[in-house]
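Chemist: Below are the structure tokens for one structure; questions will follow.
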Amino acid sequence: MSGLLGDLKRFDRIELSQVASHPKACCEMVKHSVFAQLMHYGDTGTALAAVPGLFRWGPVHWPAHWCDLVDHGDLVGDCGVHADVAAALLTRKSVPHTRARAAVLTPPMAPAHWRAVWNEAQVNDAWIGRNTVHHEVLRVGNRWWDPSDARWFSGPGAHTGSGHVLALREDGGQWQLAPETATAPAPDAPSEPHASQPTHAVPSTHALPSTHALPQGVLP
């Protein structure tokens with residue numbers, strides 16, 4: 001439990017990701033292309049599920065601009081990119097939501113692999129904790145959405161394509177622990193903003209769900 005609490009304090013120092021935009025064509029063209037593709041879908045649920053498919057998963061140097069996400073003609077994104085784009089899409093569709101973060105217990109070999117990939121790209125690996133990894137998600141109504149895995153999950157204790165969700169915290173709220181880990185008080189949310197640090201991505205291992213996989217009455 002002490003290891004998890006240490007990870008949660010570490011993750012509180014990571015700012016939720018926001019892709020910035022230069023006031024130039026370099027960023028406007030990329031941003032317009034992304035949202036033009038997403039707005040092409042007939043319903044919000046399908047558009048939301050399509051977000052991770054637009055980006056090749058990989059390290060992102062934060063803070064990032066839209067033009068920074070282009071690599072050899074492809075778009076590159078991590079879970080911070082997925083979450084920020086998904087949140088922007090929901091805002092455009094007037095769907096109430098909040099940004100959130102999760103502490104995810106992944107397969108044993110995954111953190112070492114990701115750390116090697118991030119180090120090779122010379123990108124900060126602060127998102128890899130001692131026992132868990134930091135993953136950006138969304139709260140939509142009373143449901144949780146994993147924008148990298150493109151599916152709903154029930155909350156702390158759930159399993160997603162990324163791993164086992166041990167804790168969740170909405171932006172500005174308190175950490176919610178999975179029942180099997182809630183044997184000690186969770187750390188308080190930070191009272192003051194921390195210096196921005198790079199975030200991460202946990203890759204999805206599932207195909208994008210169809211519209212039927214999305215719950216009715218939450219998204220238009």
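The way I read the labels, and the way they are meant: chains A, B, ... in the order of the structure tokens, residue 1 as the first residue of every chain, and ligand 1 as the first ligand shown, with later ones counted on from there.
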DSSP on the backbone, then: every residue of stretch 67-195 of chain A marked strand (DSSP E or B), written as a ChimeraX atom specification.

Modeler: /A:70-71,74-77,98-105,128,133-140,143-146,151-153,159-160,163-170,176-177

Chemist: Go through stretch 134-164 of chain A residue by residue and, counting only C-alpha atoms, keep those with an atom at most 10 Å from stretch 63-87 of chain A; for each kept residue give the shortest atom pair and its distance in Å to one decimal, ordered by chain and increasing number, as a Markdown table.

Modeler:
```
| residue | atom | partner | partner_atom | distance |
| --- | --- | --- | --- | --- |
| A:His134 | CA | A:Cys79 | CA | 9.3 |
| A:His135 | CA | A:Cys79 | CA | 6.5 |
| A:Glu136 | CA | A:Cys79 | CA | 5.8 |
| A:Val137 | CA | A:Ala83 | CA | 6.1 |
| A:Leu138 | CA | A:Ala83 | CA | 7.0 |
| A:Arg139 | CA | A:Ala87 | CA | 9.7 |
| A:Val140 | CA | A:Ala87 | CA | 9.7 |
| A:Trp145 | CA | A:Ala83 | CA | 9.3 |
| A:Asp146 | CA | A:Ala83 | CA | 8.0 |
| A:Pro147 | CA | A:Ala83 | CA | 5.5 |
| A:Ser148 | CA | A:Cys79 | CA | 5.7 |
| A:Asp149 | CA | A:Cys79 | CA | 9.2 |
| A:Ala150 | CA | A:His82 | CA | 9.5 |
```

Chemist: Can you tell me, as a ChimeraX atom specification, which residues in stretch 28-205 of chain A count as alpha helix (DSSP H) by DSSP?

Modeler: /A:28-39,44-50,79-92,110-120

Chemist: Give me, as a list in words, all polymer residues having an atom no more than 9 Å from stretch 116-122 of chain A, counting only C-alpha atoms and skipping those fewer than 2 positions away in the same chain.

Modeler: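 Listed by chain and then number, they are Gly58, Pro59, Val60, His61, Pro111, Ala112, His113, Trp114, Asn124 and Asp125 of chain A.
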
Chemist: Give me the residues within 6 Å of A:Ala178 as a list of chain:residue names, counting only C-alpha atoms and dropping any in the same chain fewer than 4 places off.

Modeler: A:Pro156, A:Gly157, A:Leu166, A:Ala167

Chemist: Output N, CA, C and O atoms for every residue in the selection just made, as a short mmCIF file (atom, residue, chain, number, x, y, z; two decimals), in the first residue's frame.

Modeler:
```cif
data_model
loop_
_atom_site.label_atom_id
_atom_site.label_comp_id
_atom_site.auth_asym_id
_atom_site.auth_seq_id
_atom_site.Cartn_x
_atom_site.Cartn_y
_atom_site.Cartn_z
N PRO A 156 -12.63 2.47 -9.95
CA PRO A 156 -11.52 1.83 -9.24
C PRO A 156 -11.78 0.33 -9.05
O PRO A 156 -12.87 -0.07 -8.66
N GLY A 157 -10.78 -0.47 -9.37
CA GLY A 157 -10.92 -1.92 -9.28
C GLY A 157 -11.21 -2.57 -10.60
O GLY A 157 -11.11 -3.80 -10.74
N LEU A 166 -6.15 0.78 -10.01
CA LEU A 166 -6.08 0.75 -8.55
C LEU A 166 -6.59 2.03 -7.90
O LEU A 166 -6.99 2.01 -6.73
N ALA A 167 -6.58 3.13 -8.65
CA ALA A 167 -7.04 4.40 -8.08
C ALA A 167 -7.42 5.36 -9.20
O ALA A 167 -6.86 5.29 -10.29
#
```

Chemist: Could you give me, as a VMD selection string, the residues within 12 Å of A:Ala158, counting only C-alpha atoms and dropping anything in the same chain fewer than 3 positions from it?

Modeler: chain A and resid 102 to 105 143 to 146 151 to 155 161 to 168 177 to 180

Chemist: Which residue, A:Thr181, A:Thr44, A:Thr132, A:Gln37, has the smallest gap to A:Thr91 when you use only C-alpha atoms?

Modeler: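 Selected residue with least distance to A:Thr91: A:Thr44.
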
Chemist: With distances taken over only C-alpha atoms, which residue among A:Glu15, A:Lys9, A:Gly141, A:Trp62 lies nearest A:His97?

Modeler: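 Using only C-alpha atoms, the shortest distance to A:His97 belongs to A:Gly141.
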